[in-house]
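Okay, query05.txt now, which holds compact mmCIF, C-alpha atoms:
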# COMPACT_ATOMS: atom_id res chain seq x y z
CA MET A 1 131.74 91.78 96.13
CA THR A 2 135.25 91.55 97.54
CA PRO A 3 137.57 94.29 98.87
CA PHE A 4 140.30 95.12 96.36
CA GLY A 5 142.33 97.65 98.36
CA ILE A 6 142.37 100.79 100.47
CA LEU A 7 142.96 104.23 98.96
CA PRO A 8 145.38 106.68 100.64
CA ASP A 9 142.34 108.53 102.08
CA SER A 10 141.15 105.26 103.72
CA ARG A 11 138.22 104.62 101.35
CA THR A 12 137.76 101.01 100.23
CA VAL A 13 137.86 99.94 96.59
CA ASP A 14 135.67 96.91 95.92
CA ALA A 15 135.65 94.36 93.10
CA PHE A 16 132.47 92.85 91.64
CA THR A 17 132.47 89.65 89.59
CA LEU A 18 129.73 89.17 86.98
CA THR A 19 129.24 85.88 85.18
CA ASN A 20 126.75 84.24 82.86
CA GLY A 21 128.58 80.97 82.23
CA ASP A 22 130.17 82.08 78.95
CA LEU A 23 131.84 85.28 80.14
CA THR A 24 133.20 86.34 83.53
CA VAL A 25 134.11 89.99 84.12
CA ARG A 26 135.59 91.67 87.18
CA ILE A 27 134.91 95.38 87.70
CA LEU A 28 136.39 97.75 90.27
CA THR A 29 134.60 100.66 91.91
CA LEU A 30 137.74 102.73 91.29
CA GLY A 31 137.24 104.26 87.86
CA GLY A 32 134.70 101.59 86.91
CA ILE A 33 137.75 99.61 85.79
CA ILE A 34 137.32 96.35 83.89
CA GLN A 35 140.06 94.45 85.69
CA SER A 36 139.61 91.16 83.85
CA LEU A 37 137.35 89.43 81.37
CA LEU A 38 137.44 85.68 80.79
CA ALA A 39 136.22 84.53 77.37
CA PRO A 40 136.35 81.08 75.73
CA ASP A 41 138.43 80.17 72.70
CA ARG A 42 137.23 77.85 69.91
CA ASP A 43 137.94 74.83 72.15
CA GLY A 44 136.03 76.25 75.10
CA LYS A 45 139.15 77.20 77.08
CA HIS A 46 138.77 80.49 78.95
CA ALA A 47 141.50 83.13 79.12
CA ASP A 48 141.74 86.69 80.38
CA VAL A 49 141.55 88.98 77.33
CA VAL A 50 141.89 92.35 79.13
CA LEU A 51 145.16 93.96 80.19
CA GLY A 52 145.26 95.09 83.81
CA PHE A 53 146.92 94.85 87.19
CA ALA A 54 146.75 92.61 90.23
CA THR A 55 146.85 95.31 92.93
CA LEU A 56 145.28 98.68 93.68
CA GLU A 57 148.74 100.18 94.12
CA ASP A 58 149.56 99.32 90.50
CA TYR A 59 146.34 100.96 89.26
CA LEU A 60 147.19 104.12 91.21
CA GLN A 61 150.56 104.23 89.39
CA ASP A 62 149.03 103.51 85.99
CA THR A 63 149.22 106.35 83.45
CA GLU A 64 147.55 104.49 80.55
CA SER A 65 143.93 104.26 81.82
CA HIS A 66 143.86 100.45 81.78
CA GLY A 67 140.22 99.32 81.69
CA ALA A 68 138.92 102.59 83.13
CA LEU A 69 136.02 104.91 82.41
CA THR A 70 137.36 108.16 80.96
CA GLY A 71 135.68 111.54 81.41
CA ARG A 72 134.42 114.11 81.68
CA TYR A 73 135.86 114.27 78.21
CA ALA A 74 137.50 111.20 76.70
CA ASN A 75 140.43 111.94 74.39
CA ARG A 76 141.97 115.39 73.92
CA ILE A 77 140.82 119.00 74.14
CA ALA A 78 143.28 121.40 72.53
CA GLY A 79 144.98 123.93 74.78
CA GLY A 80 142.96 122.76 77.76
CA ARG A 81 140.21 125.22 76.92
CA PHE A 82 136.92 125.64 75.06
CA THR A 83 134.19 128.26 74.68
CA LEU A 84 130.53 127.50 75.35
CA ASP A 85 127.72 130.07 75.14
CA GLY A 86 130.29 132.87 74.94
CA HIS A 87 132.22 131.84 78.05
CA GLU A 88 135.73 130.37 77.92
CA TYR A 89 136.48 127.48 80.26
CA ARG A 90 140.06 126.56 81.19
CA LEU A 91 140.65 122.93 82.06
CA SER A 92 143.19 120.78 83.84
CA GLN A 93 146.14 120.42 81.45
CA ASN A 94 147.65 116.96 81.86
CA ALA A 95 149.10 116.31 78.38
CA GLY A 96 151.44 119.23 77.87
CA ILE A 97 149.18 122.22 77.32
CA ASP A 98 146.24 119.99 76.39
CA THR A 99 143.60 118.09 78.37
CA LEU A 100 143.49 114.30 78.04
CA HIS A 101 140.66 112.06 79.28
CA GLY A 102 139.17 114.75 81.52
CA GLY A 103 142.30 116.07 83.20
CA ALA A 104 144.67 115.03 85.95
CA HIS A 105 141.85 113.73 88.16
CA GLY A 106 139.37 112.38 85.65
CA PHE A 107 136.70 109.74 86.08
CA ASN A 108 139.35 107.00 86.00
CA ARG A 109 140.51 108.24 89.44
CA ALA A 110 137.02 108.58 90.95
CA LEU A 111 135.61 106.08 93.43
CA TRP A 112 132.22 105.26 91.94
CA ARG A 113 129.17 104.51 94.07
CA VAL A 114 127.39 101.17 93.76
CA GLU A 115 123.70 101.65 92.90
CA ASP A 116 122.78 98.05 92.09
CA ALA A 117 124.56 94.71 91.77
CA THR A 118 123.37 91.28 90.63
CA ALA A 119 125.12 88.17 89.32
CA LYS A 120 125.02 89.57 85.78
CA SER A 121 124.94 93.35 86.18
CA LEU A 122 126.50 96.24 88.05
CA THR A 123 125.36 99.87 88.09
CA LEU A 124 127.71 102.59 89.32
CA SER A 125 127.19 106.33 89.75
CA HIS A 126 129.34 109.40 90.19
CA VAL A 127 128.64 113.11 90.73
CA SER A 128 131.23 115.47 89.27
CA PRO A 129 130.80 118.89 90.91
CA ASP A 130 130.65 122.19 89.04
CA GLY A 131 134.21 123.24 88.17
CA ASP A 132 135.65 119.73 88.43
CA GLN A 133 138.87 119.85 86.35
CA GLY A 134 137.54 123.17 85.01
CA PHE A 135 134.33 121.78 83.43
CA PRO A 136 131.09 123.67 84.07
CA GLY A 137 127.97 122.23 85.66
CA ALA A 138 127.35 119.58 88.28
CA LEU A 139 127.25 116.36 86.29
CA SER A 140 125.49 113.18 87.46
CA VAL A 141 126.60 110.01 85.65
CA THR A 142 125.51 106.38 85.84
CA VAL A 143 127.12 103.45 84.08
CA ALA A 144 125.56 100.00 83.89
CA TYR A 145 127.60 96.90 83.03
CA THR A 146 125.45 93.97 81.92
CA LEU A 147 126.33 90.47 80.72
CA ALA A 148 123.78 89.49 78.09
CA ASP A 149 124.32 86.25 76.18
CA ASN A 150 127.90 86.47 74.89
CA ALA A 151 128.33 90.25 75.29
CA LEU A 152 129.36 92.81 77.87
CA GLN A 153 127.09 95.82 77.46
CA ILE A 154 127.97 99.25 78.85
CA ASP A 155 125.23 101.90 79.17
CA PHE A 156 126.00 105.49 80.14
CA GLN A 157 123.50 108.14 81.20
CA ALA A 158 124.28 111.66 82.39
CA THR A 159 122.50 114.88 83.34
CA THR A 160 123.78 118.35 84.21
CA ASP A 161 122.52 121.46 86.00
CA ALA A 162 124.37 123.84 83.64
CA PRO A 163 125.50 123.69 79.99
CA THR A 164 128.62 121.56 79.64
CA VAL A 165 130.46 119.21 77.28
CA LEU A 166 130.70 115.47 77.74
CA ASN A 167 132.42 112.49 76.12
CA LEU A 168 132.53 109.14 77.93
CA CYS A 169 134.11 105.81 77.03
CA ASN A 170 135.71 102.71 78.48
CA HIS A 171 139.45 102.34 77.92
CA ALA A 172 139.99 98.58 78.10
CA TYR A 173 143.00 97.13 76.29
CA TRP A 174 142.19 93.86 74.52
CA ASP A 175 144.50 90.92 73.79
CA LEU A 176 142.26 88.16 72.46
CA GLY A 177 145.02 85.57 72.41
CA GLY A 178 146.32 86.32 75.89
CA ARG A 179 149.84 86.06 74.46
CA GLY A 180 151.08 89.59 75.15
CA SER A 181 150.82 90.92 71.58
CA ILE A 182 148.10 92.12 69.22
CA LEU A 183 150.31 92.27 66.13
CA ASP A 184 148.91 89.02 64.73
CA HIS A 185 145.29 90.11 65.31
CA THR A 186 143.17 91.29 62.41
CA LEU A 187 140.93 94.34 62.59
CA ARG A 188 137.99 95.57 60.56
CA VAL A 189 136.54 99.04 61.15
CA ASN A 190 133.22 100.26 59.79
CA ALA A 191 134.54 103.65 58.66
CA ASP A 192 135.24 105.42 55.38
CA ALA A 193 137.15 108.28 57.02
CA PHE A 194 139.34 109.21 59.96
CA THR A 195 140.46 112.42 61.65
CA PRO A 196 144.20 113.10 61.21
CA MET A 197 146.14 114.87 63.95
CA ASN A 198 149.09 117.20 64.44
CA GLU A 199 152.33 116.65 66.36
CA ARG A 200 150.51 117.21 69.70
CA PHE A 201 148.01 114.46 68.80
CA ILE A 202 145.29 117.11 68.39
CA VAL A 203 142.92 116.52 65.48
CA THR A 204 143.30 119.05 62.69
CA GLY A 205 139.57 119.29 61.95
CA GLU A 206 139.93 117.45 58.66
CA ILE A 207 137.87 114.36 57.92
CA ARG A 208 140.08 112.32 55.59
CA ASP A 209 139.10 109.44 53.30
CA VAL A 210 140.81 106.18 54.33
CA THR A 211 141.11 104.97 50.72
CA GLY A 212 144.70 104.14 49.83
CA THR A 213 145.97 104.63 53.40
CA PRO A 214 146.94 102.27 56.25
CA PHE A 215 143.74 103.46 57.95
CA ASP A 216 141.56 101.56 55.49
CA PHE A 217 140.24 98.76 57.71
CA ARG A 218 137.04 98.25 55.73
CA ALA A 219 138.37 94.77 55.00
CA PRO A 220 140.13 92.84 57.80
CA ALA A 221 143.80 93.79 58.03
CA ARG A 222 146.67 92.34 60.06
CA LEU A 223 147.69 94.88 62.68
CA GLU A 224 151.43 94.27 62.40
CA VAL A 225 151.41 95.45 58.79
CA ARG A 226 149.52 98.65 59.63
CA VAL A 227 151.27 99.75 62.84
CA LYS A 228 154.72 99.34 61.25
CA ASP A 229 153.92 101.27 58.07
CA ARG A 230 156.39 104.13 58.58
CA ALA A 231 155.78 105.40 55.05
CA GLU A 232 152.54 106.91 56.36
CA PRO A 233 153.31 110.14 58.27
CA GLN A 234 150.35 109.69 60.63
CA ILE A 235 151.50 106.19 61.61
CA LYS A 236 155.07 107.41 62.08
CA LEU A 237 153.84 110.28 64.25
CA ALA A 238 151.82 108.04 66.56
CA GLY A 239 154.15 105.04 66.57
CA GLY A 240 151.20 102.97 65.34
CA VAL A 241 147.50 103.66 65.15
CA ASP A 242 146.06 106.18 67.63
CA HIS A 243 143.28 107.76 65.59
CA ASN A 244 139.58 108.49 65.62
CA PHE A 245 137.52 106.79 62.92
CA VAL A 246 134.29 108.29 61.58
CA LEU A 247 131.81 105.45 61.87
CA ARG A 248 129.09 104.66 59.35
CA HIS A 249 125.66 104.81 61.02
CA ARG A 250 122.26 104.28 59.46
CA ALA A 251 121.02 107.14 61.65
CA PRO A 252 122.53 109.07 64.60
CA GLY A 253 122.19 107.10 67.81
CA ASP A 254 121.59 103.74 66.13
CA LEU A 255 123.51 100.78 67.51
CA THR A 256 125.93 99.73 64.80
CA THR A 257 128.98 97.51 64.41
CA ALA A 258 132.04 99.72 64.81
CA ALA A 259 134.81 97.13 64.62
CA ILE A 260 135.60 93.43 64.56
CA LEU A 261 138.84 92.26 66.17
CA ALA A 262 139.92 88.64 65.59
CA ASP A 263 142.68 86.31 66.72
CA ASP A 264 143.00 83.35 64.35
CA ILE A 265 145.17 81.31 66.73
CA SER A 266 142.65 81.16 69.59
CA GLY A 267 139.63 81.68 67.35
CA ARG A 268 138.30 84.50 69.55
CA VAL A 269 136.42 87.31 67.84
CA LEU A 270 135.37 90.60 69.45
CA GLU A 271 132.63 92.63 67.78
CA VAL A 272 132.27 96.19 69.08
CA GLN A 273 128.83 97.74 68.65
CA THR A 274 128.03 101.31 69.65
CA THR A 275 125.67 104.26 69.38
CA GLU A 276 128.65 106.64 69.35
CA PRO A 277 129.75 108.42 66.13
CA GLY A 278 133.46 107.69 66.52
CA LEU A 279 135.94 104.97 67.43
CA GLN A 280 139.43 105.67 68.69
CA VAL A 281 141.68 102.79 67.67
CA TYR A 282 144.80 102.83 69.85
CA THR A 283 147.31 100.02 69.35
CA GLY A 284 149.12 100.50 72.67
CA ASN A 285 152.02 102.39 71.14
CA SER A 286 153.19 103.82 74.48
CA LEU A 287 152.80 100.66 76.58
CA ARG A 288 156.47 100.48 77.48
CA GLY A 289 157.14 100.26 81.20
CA GLY A 290 154.88 101.14 84.10
CA PRO A 291 153.67 98.63 86.70
CA ASN A 292 153.91 94.93 85.99
CA GLY A 293 150.72 93.47 84.55
CA LYS A 294 148.72 90.55 85.86
CA ASN A 295 151.16 88.28 84.02
CA GLY A 296 153.98 89.49 86.28
CA ALA A 297 155.81 91.43 83.56
CA PRO A 298 155.45 94.98 82.17
CA TYR A 299 153.17 95.34 79.19
CA PRO A 300 155.30 96.02 76.10
CA ARG A 301 154.44 98.15 73.10
CA TRP A 302 151.54 96.75 71.06
CA SER A 303 150.55 94.28 73.79
CA GLY A 304 146.94 95.46 73.77
CA ILE A 305 144.52 97.45 71.63
CA ALA A 306 141.97 99.95 72.93
CA LEU A 307 138.76 100.31 70.92
CA GLU A 308 137.29 103.47 72.45
CA THR A 309 133.73 104.24 71.38
CA GLN A 310 133.38 108.00 71.59
CA HIS A 311 132.48 111.37 70.14
CA PHE A 312 135.29 112.97 68.16
CA PRO A 313 138.36 114.41 69.94
CA ASN A 314 138.40 118.18 70.50
CA SER A 315 134.77 118.52 69.40
CA PRO A 316 134.17 121.54 71.70
CA ASN A 317 136.64 123.44 69.51
CA GLU A 318 135.53 121.97 66.14
CA PRO A 319 132.03 123.24 65.23
CA SER A 320 131.79 120.90 62.22
CA PHE A 321 132.12 117.80 64.42
CA PRO A 322 129.09 116.17 66.11
CA SER A 323 128.18 118.23 69.16
CA THR A 324 129.14 117.08 72.66
CA VAL A 325 127.12 119.80 74.43
CA LEU A 326 124.78 118.66 77.20
CA ARG A 327 122.24 121.09 78.64
CA PRO A 328 119.94 121.05 81.68
CA GLY A 329 116.81 119.01 81.04
CA GLU A 330 118.62 116.72 78.58
CA THR A 331 119.92 113.20 79.23
CA PHE A 332 123.11 111.96 77.63
CA PRO A 333 122.69 108.36 76.42
CA SER A 334 125.41 106.03 75.15
CA GLN A 335 125.57 102.28 74.66
CA THR A 336 128.45 100.00 73.70
CA ARG A 337 128.47 96.21 73.42
CA PHE A 338 131.56 94.03 73.39
CA ARG A 339 130.32 90.80 71.81
CA PHE A 340 132.45 87.62 71.87
CA THR A 341 132.24 84.73 69.42
CA THR A 342 134.69 82.17 68.03
CA ARG A 343 135.73 81.01 64.58
CA ALA A 344 136.65 77.52 63.48
CA ARG A 345 140.14 76.83 62.17
Represent the structure from my file as structure tokens, please.
Amino acid sequence: MTPFGILPDSRTVDAFTLTNGDLTVRILTLGGIIQSLLAPDRDGKHADVVLGFATLEDYLQDTESHGALTGRYANRIAGGRFTLDGHEYRLSQNAGIDTLHGGAHGFNRALWRVEDATAKSLTLSHVSPDGDQGFPGALSVTVAYTLADNALQIDFQATTDAPTVLNLCNHAYWDLGGRGSILDHTLRVNADAFTPMNERFIVTGEIRDVTGTPFDFRAPARLEVRVKDRAEPQIKLAGGVDHNFVLRHRAPGDLTTAAILADDISGRVLEVQTTEPGLQVYTGNSLRGGPNGKNGAPYPRWSGIALETQHFPNSPNEPSFPSTVLRPGETFPSQTRFRFTTRAR
């Protein structure tokens, strides 16, 4: 553990480094942020494959959730409101009239408590009080980061004292080549459908077949071709890919491969496995400006890709989507693994 900085209210943010020889990851107690992750290329040379910042001040200015845990509700809730058990709840509106990633003071801004720390694992906890950002129920959350073999595993658990909704994910941006662009990466996604959105980036409720669209990643596809396909209205709207994919699972809650991201130049391959039903693929379309990154320069558009394992956006207002309701006596479980391998030339 090393001090990373002091918050304006005088609380200390700490950094924990986990390593198992193959991977080295640095995690902050602010927002559970993955600040860096060193992974080897095909020649055994390690490089940082996560976008992030060098100082706490830069993270406090960040508006793109670099590496952070997002909640209580990852992604968007339309109109900043939902109805549960006949009662309407009004939320913090931080994306126009909508709620994004839990509101203006979501889990990415929380200082998480350290429950346990070893050379290869870190467990953090956070209690979100009843009414936090408008959400009902006092919510207790733990997140465990574990290095196992060649993977970083993230396990969430949560309980509540009143009915609520919940959607948690990590929002790391990946650049497997460490070159400042993901356009020459290839991506495969284990999904036959995606959820299109309107001009406010709110899902319409439709589950649309990917066949014949730029969202068909069932075979590996070069990202540059897909994010620049302006003939597709959904790509034009988002400025790239920023969509939820409906994952294929053998059974609900099974750990399954959601996506495989590859960089042929370095040989690095990232396999994302999850128990979640959805995957938000976001190609960093709005990464233009903000604080300078760890490389000393601002992160440009398409310099990183977020692969956000999640429940579907706006599920509290879409009864046909998988439920995100958590009730007293239940435990919310979620597991995601980021597994690193390499390919020969």
Of the listed residues A:Thr160, A:Thr283, A:Thr123, A:Asn198, that which approaches Thr186 of chain A most closely, counting all atoms listed in the file
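Among A:Thr160, A:Thr283, A:Thr123, A:Asn198, it is A:Thr283 that comes nearest to Thr186 of chain A.
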Env of segment 223-234 of chain A: 8 Å cut, atoms = all atoms listed in the file, seq-sep filter 5 positions within chain, self excluded. Answer as a PyMOL selection string.
chain A and resi 182-187+196-197+213-215+239-241+283
Could you tell me how far atom CA of Ser121 of chain A sits from atom CA of Thr274 of chain A, in Å to one decimal place?
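Between atom CA of Thr274 of chain A and atom CA of Ser121 of chain A the gap is 18.6 Å.
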Need the shell around Asp149 of chain A: protein/DNA/RNA residues with any atom at most 9 Å away, counting only C-alpha atoms. Skip same-chain ones fewer than 2 positions apart. Format as a compact mmCIF listing (two decimals) with C-alpha atoms, in the coordinates of the input?
# COMPACT_ATOMS: atom_id res chain seq x y z
CA ASN A 20 126.75 84.24 82.86
CA ASP A 22 130.17 82.08 78.95
CA LEU A 23 131.84 85.28 80.14
CA LEU A 147 126.33 90.47 80.72
CA ALA A 151 128.33 90.25 75.29
CA LEU A 152 129.36 92.81 77.87
CA ARG A 339 130.32 90.80 71.81
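Across the model, the gap from atom CA of Gly205 of chain A to atom CA of Gly284 of chain A is 23.6 Å.
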At a cut-off of 7 Å, using only C-alpha atoms, what residues contact Gly67 of chain A? Leave out same-chain residues fewer than 2 positions from it and give the result as JSON, numbers by chain.
{"A": [33, 34, 35, 52, 65, 170, 171, 172, 173]}
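Among A:Ile154, A:His311, A:Pro300, A:Ile97, the residue with the shortest atom-to-atom distance to Thr336 of chain A, counting only C-alpha atoms, is A:Ile154.
Distance check against Ser140 of chain A using only C-alpha atoms: of A:Thr118, A:Leu7, A:Gly71, A:Leu176, the minimum falls on A:Gly71.
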Atom pair atom CA of Ala138 of chain A / atom CA of Leu122 of chain A: separation (Å)
23.4 Å
Using all atoms listed in the file, which of A:Thr17, A:Ser320, A:Gln61, A:Ser266 sits nearest Gly178 of chain A?
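Using all atoms listed in the file, Gly178 of chain A sits closest to A:Ser266.
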Residues near Ala238 of chain A, anyone? I mean within 9 Å using only C-alpha atoms, not counting same-chain ones fewer than 5 positions away, as number ranges by chain.
A: 199, 201, 233, 243, 285
With a distance cut-off of 10 Å and all atoms listed in the file, select the neighbouring residues of Gly289 of chain A, excluding the residue or stretch itself and same-chain residues fewer than 4 positions from it, and output the selection as a PDB file with C-alpha atoms, in the coordinates of the input.
ATOM      1  CA  ASP A  62     149.030 103.510  85.990  1.00  0.00           C
ATOM      2  CA  GLY A 293     150.720  93.470  84.550  1.00  0.00           C
ATOM      3  CA  ALA A 297     155.810  91.430  83.560  1.00  0.00           C
ATOM      4  CA  PRO A 298     155.450  94.980  82.170  1.00  0.00           C
ATOM      5  CA  TYR A 299     153.170  95.340  79.190  1.00  0.00           C
ATOM      6  CA  PRO A 300     155.300  96.020  76.100  1.00  0.00           C
ATOM      7  CA  ARG A 301     154.440  98.150  73.100  1.00  0.00           C
TER       8      ARG A 301
END
Output as AutoDock Vina command-line options the centre and edge lengths (Å, one decimal) of the box along x, y and z of the file that holds every listed atom of segment 330-345 of chain A after adding 8 Å on each side.
--center_x 129.4 --center_y 96.8 --center_z 70.7 --size_x 37.5 --size_y 55.9 --size_z 33.1
Nearest to Asn167 of chain A: which of A:Glu276, A:Asp58, A:Asp48, A:Glu318 is it, counting all atoms listed in the file?
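Closest candidate: A:Glu276.
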Top pick for closest residue to Arg188 of chain A, considering A:Ile260, A:Gly253, A:Val141, A:Lys120 and counting only C-alpha atoms
A:Ile260
